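Chemist: Next comes data.tsv, TSV, C-alpha atoms:
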chain	number	residue	atom	x	y	z
A	1051	MET	CA	-61.63	-68.14	86.16
A	1052	ASP	CA	-65.26	-69.07	85.48
A	1053	LEU	CA	-65.53	-69.45	81.71
A	1054	GLU	CA	-69.32	-69.12	81.78
A	1055	ALA	CA	-68.93	-65.72	83.46
A	1056	VAL	CA	-66.38	-64.69	80.82
A	1057	ARG	CA	-68.70	-65.91	78.04
A	1058	THR	CA	-71.54	-63.92	79.63
A	1059	PHE	CA	-69.36	-60.80	79.80
A	1060	VAL	CA	-68.57	-61.07	76.07
A	1061	ALA	CA	-72.24	-61.62	75.25
A	1062	VAL	CA	-73.26	-58.46	77.17
A	1063	ALA	CA	-70.47	-56.46	75.54
A	1064	ASP	CA	-71.60	-57.59	72.09
A	1065	ALA	CA	-75.32	-57.06	72.75
A	1066	GLY	CA	-75.00	-53.85	74.75
A	1067	GLN	CA	-77.87	-54.97	77.00
A	1068	PHE	CA	-78.20	-57.49	79.80
A	1069	GLN	CA	-81.66	-58.56	78.61
A	1070	GLU	CA	-80.57	-59.24	75.04
A	1071	ALA	CA	-77.49	-61.11	76.25
A	1072	ALA	CA	-79.73	-63.26	78.47
A	1073	ALA	CA	-81.86	-64.16	75.45
A	1074	ASP	CA	-78.76	-65.05	73.41
A	1075	LEU	CA	-77.46	-67.28	76.21
A	1076	ALA	CA	-80.89	-68.79	76.95
A	1077	VAL	CA	-80.71	-67.80	80.63
A	1078	THR	CA	-82.56	-65.28	82.80
A	1079	GLN	CA	-81.50	-61.65	83.06
A	1080	GLN	CA	-80.99	-62.24	86.78
A	1081	ALA	CA	-78.48	-65.00	85.97
A	1082	VAL	CA	-76.59	-62.66	83.64
A	1083	SER	CA	-76.45	-59.95	86.31
A	1084	LYS	CA	-75.23	-62.44	88.91
A	1085	ARG	CA	-72.46	-63.80	86.67
A	1086	ILE	CA	-71.22	-60.30	85.83
A	1087	ALA	CA	-71.27	-59.31	89.52
A	1088	VAL	CA	-69.20	-62.37	90.47
A	1089	LEU	CA	-66.73	-61.70	87.67
A	1090	GLU	CA	-66.36	-58.04	88.69
A	1091	LYS	CA	-65.79	-59.11	92.29
A	1092	ASN	CA	-63.10	-61.61	91.27
A	1093	LEU	CA	-61.34	-59.07	89.06
A	1094	GLY	CA	-61.77	-56.21	91.52
A	1095	VAL	CA	-63.01	-53.76	88.86
A	1096	ARG	CA	-66.26	-52.54	87.31
A	1097	LEU	CA	-66.77	-53.88	83.81
A	1098	PHE	CA	-70.02	-52.16	82.82
A	1099	THR	CA	-71.83	-48.91	83.49
A	1100	ARG	CA	-75.62	-49.09	83.22
A	1101	THR	CA	-77.13	-46.30	81.12
A	1102	ALA	CA	-80.51	-45.49	79.62
A	1103	ARG	CA	-79.32	-47.17	76.43
A	1104	GLY	CA	-78.22	-50.35	78.19
A	1105	ALA	CA	-74.78	-51.46	79.39
A	1106	GLU	CA	-71.58	-49.70	78.35
A	1107	LEU	CA	-68.07	-50.99	78.92
A	1108	THR	CA	-65.93	-49.15	81.43
A	1109	ILE	CA	-62.28	-48.49	80.66
A	1110	ASP	CA	-61.43	-51.70	82.53
A	1111	GLY	CA	-64.14	-53.54	80.60
A	1112	GLN	CA	-62.66	-52.33	77.30
A	1113	ALA	CA	-59.21	-53.54	78.38
A	1114	PHE	CA	-60.57	-56.93	79.45
A	1115	LEU	CA	-62.70	-57.61	76.35
A	1116	PRO	CA	-59.97	-58.71	73.88
A	1117	GLN	CA	-58.39	-60.87	76.57
A	1118	ALA	CA	-61.76	-62.44	77.33
A	1119	ARG	CA	-62.31	-63.25	73.64
A	1120	GLU	CA	-58.85	-64.86	73.45
A	1121	LEU	CA	-59.54	-66.83	76.64
A	1122	LEU	CA	-62.69	-68.31	75.08
A	1123	ARG	CA	-60.81	-69.14	71.85
A	1124	VAL	CA	-58.10	-70.93	73.84
A	1125	ALA	CA	-60.75	-72.87	75.75
A	1126	GLU	CA	-62.40	-73.94	72.49
A	1127	ARG	CA	-59.07	-75.08	71.06
A	1128	ALA	CA	-58.38	-77.05	74.23
A	1129	VAL	CA	-61.70	-78.87	73.94
A	1130	ALA	CA	-61.24	-79.47	70.21
A	1131	SER	CA	-57.83	-81.04	70.83
A	1132	VAL	CA	-59.45	-83.99	72.61
A	1133	ARG	CA	-62.91	-84.10	71.06
A	1134	PRO	CA	-63.32	-87.14	68.75
A	1135	GLY	CA	-63.77	-86.00	65.18
A	1136	ARG	CA	-62.22	-82.60	65.90
A	1137	ARG	CA	-58.70	-83.75	66.67
A	1138	PRO	CA	-56.30	-85.68	64.41
A	1139	LEU	CA	-56.43	-89.46	64.30
A	1140	ARG	CA	-53.24	-90.59	66.07
A	1141	VAL	CA	-51.70	-93.83	64.76
A	1142	ASP	CA	-48.43	-95.48	65.72
A	1143	VAL	CA	-46.13	-97.30	63.29
A	1144	LEU	CA	-42.82	-99.05	63.81
A	1145	ALA	CA	-40.80	-97.05	61.26
A	1146	SER	CA	-41.36	-94.19	58.86
A	1147	ARG	CA	-40.05	-96.18	55.87
A	1148	GLY	CA	-41.85	-99.40	56.69
A	1149	ALA	CA	-44.96	-101.05	55.34
A	1150	GLN	CA	-47.08	-99.72	58.19
A	1151	ALA	CA	-46.30	-96.14	57.19
A	1152	GLY	CA	-47.12	-97.11	53.60
A	1153	LEU	CA	-50.58	-98.22	54.68
A	1154	LEU	CA	-51.17	-94.85	56.32
A	1155	ARG	CA	-49.89	-92.97	53.26
A	1156	GLY	CA	-52.47	-94.82	51.18
A	1157	PHE	CA	-55.16	-93.99	53.73
A	1158	HIS	CA	-54.18	-90.31	53.66
A	1159	ARG	CA	-54.36	-90.23	49.86
A	1160	ALA	CA	-57.80	-91.85	49.96
A	1161	HIS	CA	-59.06	-89.56	52.76
A	1162	PRO	CA	-57.15	-86.25	52.63
A	1163	GLU	CA	-59.95	-84.62	54.63
A	1164	ILE	CA	-58.96	-86.60	57.74
A	1165	GLU	CA	-56.18	-85.01	59.77
A	1166	LEU	CA	-53.63	-87.67	60.69
A	1167	ASP	CA	-50.83	-87.73	63.26
A	1168	VAL	CA	-48.28	-90.52	62.74
A	1169	LEU	CA	-46.14	-91.53	65.72
A	1170	MET	CA	-43.35	-94.06	66.14
A	1171	LEU	CA	-43.33	-95.82	69.51
A	1172	PHE	CA	-40.75	-98.39	70.54
A	1173	ASP	CA	-42.52	-101.74	70.85
A	1174	ILE	CA	-45.94	-103.34	71.12
A	1175	GLU	CA	-46.08	-103.05	74.91
A	1176	THR	CA	-45.53	-99.30	74.68
A	1177	ALA	CA	-48.06	-99.08	71.85
A	1178	VAL	CA	-50.73	-101.06	73.71
A	1179	ALA	CA	-50.28	-98.91	76.81
A	1180	ALA	CA	-50.69	-95.78	74.67
A	1181	VAL	CA	-53.83	-97.18	73.00
A	1182	ARG	CA	-55.34	-98.05	76.39
A	1183	SER	CA	-54.55	-94.62	77.85
A	1184	GLY	CA	-56.02	-92.84	74.83
A	1185	SER	CA	-52.79	-91.04	73.92
A	1186	ILE	CA	-53.01	-92.75	70.51
A	1187	ASP	CA	-56.00	-94.17	68.67
A	1188	ALA	CA	-54.41	-97.17	66.97
A	1189	SER	CA	-51.16	-98.94	66.19
A	1190	VAL	CA	-49.97	-101.25	63.41
A	1191	ARG	CA	-47.96	-104.08	64.98
A	1192	ALA	CA	-47.29	-107.80	64.97
A	1193	VAL	CA	-49.53	-109.36	67.63
A	1194	GLY	CA	-49.96	-112.79	69.16
A	1195	VAL	CA	-46.51	-113.25	70.72
A	1196	PRO	CA	-46.77	-116.05	73.33
A	1197	GLY	CA	-46.93	-114.78	76.89
A	1198	ARG	CA	-48.05	-111.32	75.78
A	1199	PRO	CA	-51.80	-111.49	75.11
A	1200	LEU	CA	-53.65	-108.30	74.27
A	1201	PRO	CA	-55.81	-106.87	77.08
A	1202	GLU	CA	-59.53	-107.60	76.87
A	1203	ASP	CA	-60.37	-104.00	75.94
A	1204	ILE	CA	-58.02	-104.08	72.91
A	1205	GLU	CA	-59.10	-105.45	69.53
A	1206	SER	CA	-56.91	-106.35	66.58
A	1207	VAL	CA	-57.27	-107.39	62.97
A	1208	ARG	CA	-54.59	-108.60	60.57
A	1209	VAL	CA	-54.18	-106.07	57.78
A	1210	LEU	CA	-51.00	-106.91	55.82
A	1211	ASP	CA	-48.57	-109.76	55.25
A	1212	GLU	CA	-45.27	-108.29	54.10
A	1213	PRO	CA	-42.88	-110.70	52.31
A	1214	LEU	CA	-39.24	-110.56	53.37
A	1215	GLN	CA	-36.51	-109.95	50.83
A	1216	LEU	CA	-32.78	-110.58	51.08
A	1217	LEU	CA	-30.70	-107.43	50.62
A	1218	THR	CA	-27.09	-107.92	49.48
A	1219	GLY	CA	-24.20	-105.95	48.09
A	1220	PRO	CA	-22.99	-106.48	44.50
A	1221	ALA	CA	-20.16	-108.83	45.52
A	1222	HIS	CA	-22.27	-111.17	47.66
A	1223	ALA	CA	-22.43	-114.82	46.56
A	1224	LEU	CA	-26.20	-114.56	45.99
A	1225	ALA	CA	-26.19	-111.09	44.41
A	1226	ASP	CA	-27.05	-112.31	40.92
A	1227	ALA	CA	-29.84	-114.68	41.97
A	1228	ARG	CA	-33.36	-113.81	40.78
A	1229	SER	CA	-34.69	-115.44	43.96
A	1230	VAL	CA	-33.36	-117.52	46.84
A	1231	THR	CA	-34.97	-120.28	48.84
A	1232	VAL	CA	-34.95	-120.28	52.61
A	1233	ALA	CA	-32.76	-123.40	52.48
A	1234	GLN	CA	-30.11	-121.48	50.51
A	1235	LEU	CA	-29.87	-118.97	53.35
A	1236	ALA	CA	-28.66	-121.56	55.87
A	1237	GLY	CA	-25.03	-120.72	56.65
A	1238	GLN	CA	-25.28	-117.17	55.28
A	1239	ARG	CA	-24.45	-114.28	57.62
A	1240	ILE	CA	-27.56	-112.14	57.94
A	1241	TRP	CA	-26.89	-108.95	59.88
A	1242	MET	CA	-29.77	-107.06	61.55
A	1243	PRO	CA	-28.46	-104.69	64.24
A	1244	GLY	CA	-31.94	-103.22	64.77
A	1245	ILE	CA	-33.29	-106.32	66.51
A	1246	VAL	CA	-33.96	-105.58	70.19
A	1247	PRO	CA	-34.51	-108.59	72.52
A	1248	GLY	CA	-37.99	-108.73	74.02
A	1249	THR	CA	-39.71	-106.89	71.17
A	1250	GLU	CA	-42.36	-108.35	68.90
A	1251	TRP	CA	-40.06	-108.20	65.87
A	1252	ALA	CA	-37.34	-110.02	67.84
A	1253	ALA	CA	-39.88	-112.77	68.60
A	1254	TYR	CA	-40.64	-113.04	64.87
A	1255	TYR	CA	-36.99	-113.44	63.86
A	1256	ASP	CA	-36.30	-115.83	66.75
A	1257	ASP	CA	-39.00	-118.13	65.37
A	1258	LEU	CA	-37.68	-117.73	61.82
A	1259	VAL	CA	-34.19	-118.76	62.96
A	1260	ALA	CA	-35.53	-121.73	64.92
A	1261	GLU	CA	-37.75	-122.92	62.06
A	1262	PHE	CA	-35.17	-122.83	59.27
A	1263	GLY	CA	-31.76	-122.97	60.98
A	1264	LEU	CA	-30.70	-119.51	59.87
A	1265	THR	CA	-28.03	-117.30	61.40
A	1266	ILE	CA	-29.08	-113.74	62.21
A	1267	GLU	CA	-26.54	-111.49	63.89
A	1268	ALA	CA	-27.78	-108.49	65.85
A	1269	THR	CA	-24.37	-107.39	67.12
A	1270	GLY	CA	-22.98	-103.89	66.94
A	1271	PRO	CA	-24.61	-100.48	67.40
A	1272	ASN	CA	-27.63	-99.62	65.29
A	1273	PHE	CA	-26.78	-96.42	63.42
A	1274	GLY	CA	-29.92	-96.55	61.28
A	1275	SER	CA	-30.79	-97.78	57.82
A	1276	ASP	CA	-28.30	-95.59	55.93
A	1277	ALA	CA	-25.34	-96.99	57.87
A	1278	LEU	CA	-26.72	-100.52	57.46
A	1279	LEU	CA	-26.94	-100.08	53.68
A	1280	ASP	CA	-23.38	-98.73	53.55
A	1281	THR	CA	-22.08	-101.79	55.41
A	1282	ILE	CA	-24.05	-104.30	53.33
A	1283	ALA	CA	-22.82	-102.67	50.12
A	1284	ASP	CA	-19.17	-102.86	51.20
A	1285	THR	CA	-19.16	-106.30	52.86
A	1286	PRO	CA	-19.52	-109.31	50.51
A	1287	ALA	CA	-20.05	-111.74	53.42
A	1288	LEU	CA	-23.06	-109.91	54.87
A	1289	ALA	CA	-26.72	-109.71	53.87
A	1290	THR	CA	-29.81	-108.47	55.66
A	1291	PHE	CA	-33.58	-108.88	55.56
A	1292	MET	CA	-35.86	-106.08	54.40
A	1293	GLY	CA	-39.62	-106.00	54.00
A	1294	GLU	CA	-40.84	-105.95	50.41
A	1295	HIS	CA	-42.72	-102.68	51.05
A	1296	THR	CA	-39.91	-100.95	52.95
A	1297	ARG	CA	-38.87	-97.78	51.13
A	1298	LEU	CA	-35.10	-97.64	50.65
A	1299	ILE	CA	-32.89	-95.12	48.88
A	1300	TRP	CA	-29.16	-95.65	48.46
A	1301	PRO	CA	-26.33	-94.11	46.40
A	1302	ALA	CA	-26.09	-95.45	42.85
A	1303	GLY	CA	-22.61	-96.78	43.51
A	1304	HIS	CA	-23.83	-99.17	46.21
A	1305	GLY	CA	-25.28	-101.59	43.67
A	1306	LEU	CA	-27.51	-103.24	46.27
A	1307	ARG	CA	-29.77	-106.16	45.29
A	1308	ARG	CA	-33.26	-106.89	46.67
A	1309	ILE	CA	-33.86	-110.61	46.19
A	1310	PRO	CA	-37.20	-112.38	46.81
A	1311	VAL	CA	-37.14	-115.28	49.28
A	1312	THR	CA	-39.16	-118.38	48.37
A	1313	ASP	CA	-40.07	-121.95	49.32
A	1314	PRO	CA	-41.59	-120.73	51.60
A	1315	THR	CA	-41.70	-116.92	51.58
A	1316	PRO	CA	-41.38	-115.58	55.13
A	1317	VAL	CA	-43.96	-112.84	55.60
A	1318	TYR	CA	-44.17	-110.39	58.48
A	1319	PRO	CA	-47.77	-110.10	59.78
A	1320	HIS	CA	-49.02	-106.57	60.49
A	1321	SER	CA	-52.18	-106.07	62.54
A	1322	LEU	CA	-54.14	-102.96	63.44
A	1323	ILE	CA	-54.87	-102.67	67.17
A	1324	TRP	CA	-57.30	-100.25	68.83
A	1325	ARG	CA	-59.34	-99.85	72.00
A	1326	ARG	CA	-62.82	-101.25	71.65
A	1327	ASP	CA	-64.58	-98.17	73.03
A	1328	ASN	CA	-62.58	-95.54	71.10
A	1329	PRO	CA	-65.23	-93.18	69.64
A	1330	HIS	CA	-63.08	-91.36	67.06
A	1331	PRO	CA	-65.12	-91.53	63.81
A	1332	ALA	CA	-61.98	-91.57	61.64
A	1333	LEU	CA	-60.92	-94.83	63.31
A	1334	THR	CA	-63.88	-96.58	61.69
A	1335	THR	CA	-62.89	-95.03	58.37
A	1336	LEU	CA	-59.33	-96.31	58.79
A	1337	ARG	CA	-60.53	-99.82	59.58
A	1338	THR	CA	-62.84	-99.81	56.57
A	1339	TYR	CA	-60.02	-98.60	54.31
A	1340	LEU	CA	-57.58	-101.25	55.54
A	1341	ALA	CA	-60.21	-103.96	55.06
A	1342	SER	CA	-60.68	-102.78	51.47
A	1343	THR	CA	-56.94	-103.16	50.76
A	1344	GLN	CA	-56.97	-106.86	51.64
A	1345	PRO	CA	-57.02	-109.24	48.66
A	1346	ASP	CA	-59.85	-111.74	48.44
A	1347	ARG	CA	-57.43	-114.43	49.58
A	1348	PRO	CA	-54.86	-112.63	51.72
A	1349	ASP	CA	-52.82	-115.78	52.40
A	1350	HIS	CA	-50.94	-115.37	49.08
A	1351	PRO	CA	-52.41	-118.33	47.14
A	1352	ASP	CA	-49.78	-117.90	44.42
A	1353	ARG	CA	-46.91	-118.80	46.75
A	1354	GLU	CA	-46.19	-120.76	49.91
A	1355	THR	CA	-45.67	-118.48	52.86
A	1356	TRP	CA	-44.50	-118.77	56.45
A	1357	THR	CA	-45.45	-116.88	59.58
A	1358	PRO	CA	-44.89	-117.83	63.23
A	1359	ALA	CA	-47.42	-120.19	64.77
A	1360	TRP	CA	-48.62	-117.38	67.04
A	1361	THR	CA	-49.73	-115.17	64.14
A	1362	PRO	CA	-53.51	-114.51	64.35
A	1363	ALA	CA	-55.63	-115.87	61.53
A	1364	TRP	CA	-56.93	-113.67	58.75
A	1365	THR	CA	-60.48	-112.40	59.02
A	1366	GLN	CA	-61.88	-112.71	55.54
A	1367	ARG	CA	-63.86	-109.84	54.03
What do you get writing this file as structure tokens?
Modeler:
Amino acid sequence: MDLEAVRTFVAVADAGQFQEAAADLAVTQQAVSKRIAVLEKNLGVRLFTRTARGAELTIDGQAFLPQARELLRVAERAVASVRPGRRPLRVDVLASRGAQAGLLRGFHRAHPEIELDVLMLFDIETAVAAVRSGSIDASVRAVGVPGRPLPEDIESVRVLDEPLQLLTGPAHALADARSVTVAQLAGQRIWMPGIVPGTEWAAYYDDLVAEFGLTIEATGPNFGSDALLDTIADTPALATFMGEHTRLIWPAGHGLRRIPVTDPTPVYPHSLIWRRDNPHPALTTLRTYLASTQPDRPDHPDRETWTPAWTPAWTQR
């Protein structure tokens, strides 16, 4: 159905005159008459009766009017759903409890006027494809993995280094330590069933293992963080890695310990990625906000840190 003809019909119904409707629509009266004639032909009914006072709706016209108004409202909502600045900013994160989601929570608190949709895609390849297609506006991911360069139309900037912590149960040999060095973790069983081969986070932990001679087990089904915490709490021989900013809640009886890792501190590098020509105005606001959250020296000058060699360099403010 021709939406301009429907819009013209509503304008005539509201004005009661073809001439006044033409003025409201900034078209000629002849154009109004032609649009109404085409619409009546398509519908197979008369919509108006011309009188000395102007144009009056027929019974069919009265029946069609509320449907026509709803049709125009639906069309406007359809346009608004994809119009930059009128639709939510869509951003992908790896996990709802992770540091990436924390960055977006801070952004939402700073800019509550910006409508935000948070999605969780599987890996960076899926996220990049979604950014390129326009189905999302941005993603927070680890980038730079060898053999997987970003496409030329995708930009990225490093926005957060998240220190890793060791998570143990109360009976673990390191449970009472205030901190542990990476060297102390050699020979410890670190269990991370969420690692999926071929993903960017698998590449990160592969390099961590190779660099420091650690043992990370990814065996067994991944039943989620709650099941992982239950197992770590009940198994003295197991520990796992968690990001410092990962939000965790466990039963009081678990007695879990979050222990900083030092000398050096492994940090997971998070970068914001987006398509260079994305026009959404809130994307610029997000980038500005994330830049403002970076410390003056984001490489943690107070402690020695480690990231894989493929991690992109910081862009200083």
Chemist: Using all atoms listed in the file, which of the listed residues (A:Gly1184, A:Gly1066, A:Pro1247, A:Gly1263) sits closest to Gln1234 (chain A)?
Modeler: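 Ranked by minimum distance to Gln1234 (chain A), first place goes to A:Gly1263.
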Chemist: From the list A:Arg1182, A:His1330, A:Lys1091, A:Arg1191, which residue is nearest Pro1138 (chain A) when using all atoms listed in the file?
Modeler: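 Distance minimum relative to Pro1138 (chain A) lands on A:His1330.
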Chemist: What is the distance, in Å and to one decimal place, between CA of Ser1183 (chain A) and CA of Thr1334 (chain A)?
Modeler: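 Interatomic distance here is 18.8 Å.
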Chemist: For a quick check of understanding, using only C-alpha atoms, which of A:His1304, A:His1320, A:Arg1239, A:Arg1127 has the smallest distance to Thr1290 (chain A)?
Modeler: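 Of A:His1304, A:His1320, A:Arg1239, A:Arg1127, the one nearest Thr1290 (chain A) is A:Arg1239, counting only C-alpha atoms.
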Chemist: Can you work out the spacing between CA of Ile1299 (chain A) and CA of Asp1284 (chain A) in Å, to one decimal?
Modeler: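 Separation between CA of Ile1299 (chain A) and CA of Asp1284 (chain A): 15.9 Å.
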Chemist: Val1060 (chain A): which residues within 8 Å, counting only C-alpha atoms, same-chain residues fewer than 3 positions away excluded, as a count of residues only?
Modeler: 7
Chemist: Give me the residues near Arg1100 (chain A) as a VMD selection string, where near means some atom within 12 Å (using all atoms listed in the file) and where sequence neighbours in that chain fewer than 6 positions away do not count.
Modeler: chain A and resid 1062 to 1063 1066 to 1068 1083 1106 to 1108
Chemist: Go through A:Val1209, A:Ile1309, A:Leu1139, A:Leu1171 and flag the residue nearest Leu1153 (chain A), using all atoms listed in the file for the distances.
Modeler: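 Nearest to Leu1153 (chain A): A:Val1209.
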Chemist: Do you have the CA of Pro1362 (chain A)-CA of Ile1204 (chain A) distance handy?
Modeler: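 So the answer is 14.2 Å.
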Chemist: Return the single residue from A:Val1181, A:Asp1257, A:Phe1059, A:Leu1216 that is closest to Gln1117 (chain A), with distances computed using all atoms listed in the file.
Modeler: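 Nearest to Gln1117 (chain A): A:Phe1059.
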Chemist: Considering only C-alpha atoms, can you say which of A:Ser1229, A:Gln1150, A:Ser1275, A:Thr1315 comes closest to Phe1262 (chain A)?
Modeler: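 The shortest atom-to-atom distance to Phe1262 (chain A) comes from A:Thr1315.
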Chemist: Give me, as a ChimeraX atom specification, all polymer residues having an atom no more than 8 Å from Val1178 (chain A), counting all atoms listed in the file and skipping those fewer than 6 positions away in the same chain.
Modeler: /A:1189,1200,1204,1323
Chemist: Enclose the full set of atoms of region 1064-1069 of chain A listed in the file within a box whose edges lie along x, y and z, apply 3 Å of padding to each of the six sides, and report centre and edge lengths in Å to one decimal as lines of an AutoDock Vina configuration file.
Modeler:
center_x = -76.6
center_y = -56.2
center_z = 75.9
size_x = 16.1
size_y = 10.7
size_z = 13.7
Chemist: List the neighbours of Pro1358 (chain A) out to 9 Å using only C-alpha atoms; skip same-chain residues closer than 4 positions along the sequence, and give me the result as an MDAnalysis selection string.
Modeler: chainID A and resid 1195 1253:1254 1257:1258 1261 1318:1319
Chemist: Need to verify the contact set: Ala1252 (chain A), 12 Å, all atoms listed in the file, exclusion of same-chain residues closer than 4 positions in sequence. Can you return it as a ChimeraX atom specification?
Modeler: /A:1173-1174,1192,1195,1242-1248,1256-1259,1266-1268,1318,1358
Chemist: Counting only C-alpha atoms, which residues sit no farther than 9 Å from the position (-22.5, -117.7, 55.0) in the file's frame? I'd like them as a CSV table (one decimal) with C-alpha atoms, in the coordinates of the input.
Modeler:
chain,number,residue,atom,x,y,z
A,1223,ALA,CA,-22.4,-114.8,46.6
A,1235,LEU,CA,-29.9,-119.0,53.4
A,1236,ALA,CA,-28.7,-121.6,55.9
A,1237,GLY,CA,-25.0,-120.7,56.6
A,1238,GLN,CA,-25.3,-117.2,55.3
A,1239,ARG,CA,-24.4,-114.3,57.6
A,1240,ILE,CA,-27.6,-112.1,57.9
A,1265,THR,CA,-28.0,-117.3,61.4
A,1287,ALA,CA,-20.0,-111.7,53.4
A,1288,LEU,CA,-23.1,-109.9,54.9
